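> Just so it is clear, I am handing over data39.cif, which has mmCIF, C-alpha atoms and all ligand atoms.
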```
data_data
loop_
_atom_site.label_atom_id
_atom_site.label_comp_id
_atom_site.auth_asym_id
_atom_site.auth_seq_id
_atom_site.Cartn_x
_atom_site.Cartn_y
_atom_site.Cartn_z
CA MET A 222 94.81 68.88 143.48
CA ARG A 223 96.31 69.04 146.94
CA ALA A 224 93.86 67.61 149.44
CA VAL A 225 93.59 66.04 152.88
CA LEU A 226 91.12 63.38 153.98
CA LEU A 227 90.19 63.94 157.59
CA GLY A 228 88.03 61.73 159.77
CA PRO A 229 88.01 59.38 162.75
CA PRO A 230 89.63 55.94 162.54
CA GLY A 231 87.30 53.62 160.63
CA ALA A 232 85.68 56.45 158.66
CA GLY A 233 86.96 54.97 155.38
CA LYS A 234 89.75 57.44 154.58
CA GLY A 235 92.00 54.77 153.03
CA THR A 236 89.21 53.32 150.90
CA GLN A 237 88.14 56.77 149.70
CA ALA A 238 91.72 57.82 148.99
CA ASP A 239 92.17 54.72 146.80
CA LEU A 240 88.92 55.39 144.91
CA ILE A 241 89.85 59.04 144.33
CA GLN A 242 93.36 58.08 143.27
CA ALA A 243 91.81 55.70 140.70
CA SER A 244 89.38 58.33 139.50
CA LEU A 245 91.53 61.49 139.45
CA GLY A 246 95.05 60.05 139.33
CA VAL A 247 96.21 61.95 142.44
CA PRO A 248 98.69 59.93 144.51
CA HIS A 249 97.33 58.59 147.81
CA VAL A 250 99.80 59.27 150.64
CA SER A 251 99.00 57.50 153.92
CA THR A 252 101.23 58.04 156.96
CA GLY A 253 99.67 54.92 158.53
CA ASP A 254 100.80 52.84 155.51
CA LEU A 255 104.27 54.45 155.50
CA LEU A 256 104.61 53.70 159.23
CA ARG A 257 103.36 50.10 158.88
CA THR A 258 105.94 49.54 156.11
CA ALA A 259 108.68 50.97 158.37
CA VAL A 260 107.58 48.63 161.18
CA LYS A 261 107.53 45.63 158.84
CA ASN A 262 111.00 46.45 157.49
CA ARG A 263 112.30 46.96 161.04
CA THR A 264 113.83 50.34 160.24
CA GLU A 265 114.99 52.56 163.13
CA LEU A 266 111.90 54.72 162.62
CA GLY A 267 109.69 51.65 162.53
CA LYS A 268 111.12 50.37 165.80
CA ARG A 269 110.49 53.71 167.50
CA ALA A 270 106.98 54.05 166.08
CA GLN A 271 105.68 50.56 166.84
CA ALA A 272 104.95 50.91 170.57
CA PHE A 273 102.88 54.05 169.97
CA MET A 274 100.93 52.40 167.16
CA ASP A 275 100.26 49.26 169.24
CA GLU A 276 98.75 51.45 171.95
CA GLY A 277 96.65 53.49 169.54
CA LYS A 278 98.63 56.64 170.36
CA LEU A 279 100.05 59.17 167.93
CA VAL A 280 103.63 58.57 166.88
CA PRO A 281 105.74 61.62 167.91
CA ASP A 282 105.44 64.52 165.45
CA GLU A 283 109.14 64.65 164.56
CA LEU A 284 109.10 61.05 163.29
CA VAL A 285 105.99 61.53 161.15
CA VAL A 286 106.96 64.97 159.87
CA GLY A 287 110.31 63.61 158.61
CA LEU A 288 108.45 60.87 156.78
CA ILE A 289 105.91 63.17 155.17
CA ARG A 290 108.50 65.79 154.23
CA GLU A 291 110.48 63.15 152.34
CA ARG A 292 107.35 61.68 150.70
CA LEU A 293 105.92 65.02 149.58
CA GLN A 294 109.15 66.32 148.12
CA GLY A 295 108.23 65.18 144.63
CA ASP A 296 104.47 65.53 144.90
CA ALA A 297 103.99 68.79 146.79
CA ALA A 298 103.65 70.86 143.64
CA SER A 299 101.93 68.34 141.35
CA GLY A 300 99.29 67.14 143.80
CA PHE A 301 98.50 64.54 146.45
CA LEU A 302 95.77 63.16 148.61
CA LEU A 303 96.82 62.85 152.23
CA ASP A 304 95.23 60.22 154.45
CA GLY A 305 96.11 60.22 158.16
CA PHE A 306 98.19 63.40 158.11
CA PRO A 307 97.84 65.91 159.71
CA ARG A 308 96.63 64.35 162.97
CA ASN A 309 96.97 67.40 165.27
CA LEU A 310 97.27 71.18 165.02
CA THR A 311 101.08 71.13 165.12
CA GLN A 312 101.14 68.79 162.12
CA GLY A 313 98.56 70.99 160.37
CA GLU A 314 100.74 74.04 160.80
CA THR A 315 103.84 72.09 159.73
CA LEU A 316 102.05 70.98 156.56
CA SER A 317 101.05 74.56 155.71
CA ALA A 318 104.65 75.71 156.21
CA LEU A 319 106.02 72.82 154.15
CA LEU A 320 103.71 73.63 151.24
CA GLU A 321 104.44 77.33 151.52
CA GLU A 322 108.15 76.55 150.97
CA THR A 323 107.10 75.23 147.54
CA GLY A 324 104.76 78.18 146.93
CA VAL A 325 101.58 76.08 147.06
CA ALA A 326 98.67 75.54 149.47
CA LEU A 327 95.97 72.98 150.21
CA ASP A 328 92.86 73.14 148.00
CA HIS A 329 90.47 70.95 150.03
CA VAL A 330 90.16 69.22 153.36
CA VAL A 331 87.43 66.59 153.19
CA SER A 332 86.03 65.55 156.54
CA LEU A 333 84.28 62.15 156.50
CA ASN A 334 81.54 62.12 159.12
CA VAL A 335 80.55 58.75 160.61
CA PRO A 336 78.77 58.06 163.95
CA VAL A 337 80.86 56.39 166.67
CA ASP A 338 78.88 53.10 166.92
CA GLU A 339 79.34 52.56 163.17
CA LEU A 340 83.11 53.28 163.47
CA VAL A 341 83.55 50.64 166.17
CA LYS A 342 81.55 48.11 164.13
CA ARG A 343 83.69 48.72 161.04
CA MET A 344 87.01 48.53 162.88
CA LEU A 345 86.12 45.32 164.70
CA GLY A 346 85.20 43.88 161.30
CA ARG A 347 88.47 44.67 159.47
CA GLY A 348 90.85 42.86 161.94
CA ARG A 349 94.06 44.94 161.49
CA SER A 350 96.60 44.20 164.28
CA ASP A 351 95.82 47.53 166.02
CA ASP A 352 92.05 46.97 165.68
CA ASN A 353 91.22 45.47 169.10
CA GLU A 354 88.63 47.04 171.38
CA GLU A 355 91.10 48.75 173.71
CA THR A 356 93.16 50.33 170.91
CA ILE A 357 90.04 51.35 169.05
CA ARG A 358 88.86 53.27 172.11
CA ALA A 359 92.30 54.90 172.48
CA ARG A 360 92.35 55.94 168.81
CA LEU A 361 88.85 57.40 169.01
CA ASP A 362 89.92 59.45 172.06
CA VAL A 363 93.00 60.66 170.21
CA TYR A 364 90.77 61.71 167.31
CA VAL A 365 88.39 63.69 169.54
CA ASN A 366 91.11 65.37 171.60
CA GLU A 367 93.90 65.94 169.08
CA THR A 368 92.67 65.57 165.49
CA SER A 369 89.16 67.02 165.47
CA PRO A 370 90.39 70.58 166.32
CA LEU A 371 91.78 70.53 162.77
CA CYS A 372 88.18 70.75 161.48
CA ASP A 373 87.82 74.22 163.01
CA TYR A 374 91.30 75.16 161.83
CA TYR A 375 90.50 74.32 158.19
CA ARG A 376 86.96 75.70 158.43
CA GLY A 377 88.61 78.98 159.40
CA HIS A 378 90.70 78.76 156.22
CA GLY A 379 87.54 78.20 154.17
CA ILE A 380 88.67 74.83 152.76
CA LEU A 381 86.76 72.31 154.93
CA ARG A 382 84.30 70.14 152.95
CA GLU A 383 82.07 67.95 155.13
CA VAL A 384 80.86 64.68 153.65
CA ASP A 385 78.41 62.10 155.01
CA GLY A 386 80.53 58.93 155.41
CA LEU A 387 77.60 56.47 155.59
CA GLY A 388 76.73 54.36 152.57
CA THR A 389 78.59 52.20 150.07
CA PRO A 390 82.19 53.18 149.21
CA GLU A 391 80.99 54.20 145.72
CA GLU A 392 78.21 56.43 147.08
CA ILE A 393 80.61 58.12 149.46
CA SER A 394 83.24 58.62 146.77
CA GLN A 395 80.66 60.35 144.52
CA ARG A 396 79.99 62.76 147.39
CA VAL A 397 83.70 63.35 147.92
CA LEU A 398 84.32 63.90 144.21
CA SER A 399 81.48 66.40 143.97
CA GLN A 400 83.17 68.41 146.74
CA VAL A 401 86.64 68.48 145.21
CA LYS A 402 85.89 68.92 141.50
P1 LIG A 501 96.08 54.99 160.35
O1 LIG A 501 96.37 53.89 159.39
O2 LIG A 501 96.06 56.34 159.70
O3 LIG A 501 94.87 54.73 161.19
O4 LIG A 501 97.32 55.05 161.37
C1 LIG A 501 97.64 53.95 162.21
C2 LIG A 501 98.52 54.42 163.36
O5 LIG A 501 99.72 55.02 162.85
C3 LIG A 501 97.88 55.51 164.24
O6 LIG A 501 97.06 54.95 165.26
C4 LIG A 501 99.13 56.20 164.80
O7 LIG A 501 99.71 55.45 165.84
C5 LIG A 501 100.07 56.17 163.62
N1 LIG A 501 99.95 57.38 162.76
C6 LIG A 501 99.48 57.45 161.47
N2 LIG A 501 99.53 58.71 161.01
C7 LIG A 501 100.02 59.47 162.02
C8 LIG A 501 100.31 60.85 162.17
N3 LIG A 501 100.07 61.73 161.18
N4 LIG A 501 100.82 61.27 163.37
C9 LIG A 501 101.07 60.41 164.37
N5 LIG A 501 100.82 59.09 164.30
C10 LIG A 501 100.31 58.61 163.14
#
```
So, in terms of structure tokens, how does the structure I just supplied come out?

Amino acid sequence: MRAVLLGPPGAGKGTQADLIQASLGVPHVSTGDLLRTAVKNRTELGKRAQAFMDEGKLVPDELVVGLIRERLQGDAASGFLLDGFPRNLTQGETLSALLEETGVALDHVVSLNVPVDELVKRMLGRGRSDDNEETIRARLDVYVNETSPLCDYYRGHGILREVDGLGTPEEISQRVLSQVK
């Protein structure tokens, strides 16, 4: 299975990706995690990415695309679950092209739908270093302006699966699984 988890920050993409990885054995690939590791290890890429992440902005496409290209090299054919990539239409088109090079395509794009007041509540509760009120607002704006157009893009390709993201992680993962099986 080659799938993408789409949704605003705080929608539970990481949690769902872990549950689906445990249940179906598909590797969870998170650009946020890859970037946080690069920042922690003080790599050149990490140093360039950090300021954008601290402000809740998207890291420039060329940095993230390099990262995802490298990470998907082994997994593109056998399957993956992407969390946090693509984040804009350019990245969406890059992903399609990258998969096409391997002769494969995405099977599903699962959009987790959660109301904004619940997103803010969840993010303030988890206390990650980029989870302060100002950054949360910036990341929600980025989602609305840059990421959400991907819903229409994938709907047009007939692979968008919309899932209610309210409930316990287990309830939500049952909904996700029923959409991708
Ligand atoms: P996440 O853990 O997915 O919420 O990502 C945390 C931060 O990493 C985001 O606010 C962005 O600054 C950056 N980031 C993660 N994925 C991407 C991406 N695909 N494109 C650009 N920036 C990203």
> Residues up to 9 Å from ligand LIG 501 (chain A), counting all atoms listed in the file: could you list those as number ranges by chain?
A: 229-231, 234-235, 251-257, 270-282, 284-286, 289, 304-309, 312, 351, 356-357, 359-360, 363
> Have a look at A:Leu345, A:Leu320, A:Val401, A:Leu302 and name the one nearest to Val247 of chain A; count all atoms listed in the file.
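The closest residue to Val247 of chain A is A:Leu302.
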> Which one is closest to Val331 of chain A: A:Ala232, A:Leu245, A:Leu266, A:Leu293? Count all atoms listed in the file.
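Residue with the minimum atom-to-atom distance to Val331 of chain A: A:Ala232.
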> Which residue gives the smallest distance to Val384 of chain A among A:Val325, A:Cys372, A:Leu361, A:Val397, with all atoms listed in the file counted?
A:Val397
> Would you please work out which residue, of A:Thr264, A:Thr323, A:Thr389, A:Ser317, is nearest to Ser299 of chain A when using only C-alpha atoms?
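Checking each candidate against Ser299 of chain A, we get A:Thr323 as the closest.
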> Pick from A:Ser394, A:Lys402, A:Glu355, A:Arg290: nearest to Asp239 of chain A, with all atoms listed in the file counted?
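So, comparing all the options, the nearest one is A:Ser394.
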> Which value, in Å to one decimal, gives the distance between atom CA of Arg349 of chain A and atom CA of Gly228 of chain A?
17.9 Å
> Would you list the residues near (106.1, 74.7, 140.7), meaning any protein, DNA or RNA residue with an atom at most 12 Å from that point in file coordinates, counting only C-alpha atoms, as a list in words?
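In the file's frame, the residues around the point are Gln294, Gly295, Asp296, Ala297, Ala298, Ser299, Gly300, Leu320, Glu321, Glu322, Thr323, Gly324, Val325 and Ala326 of chain A.
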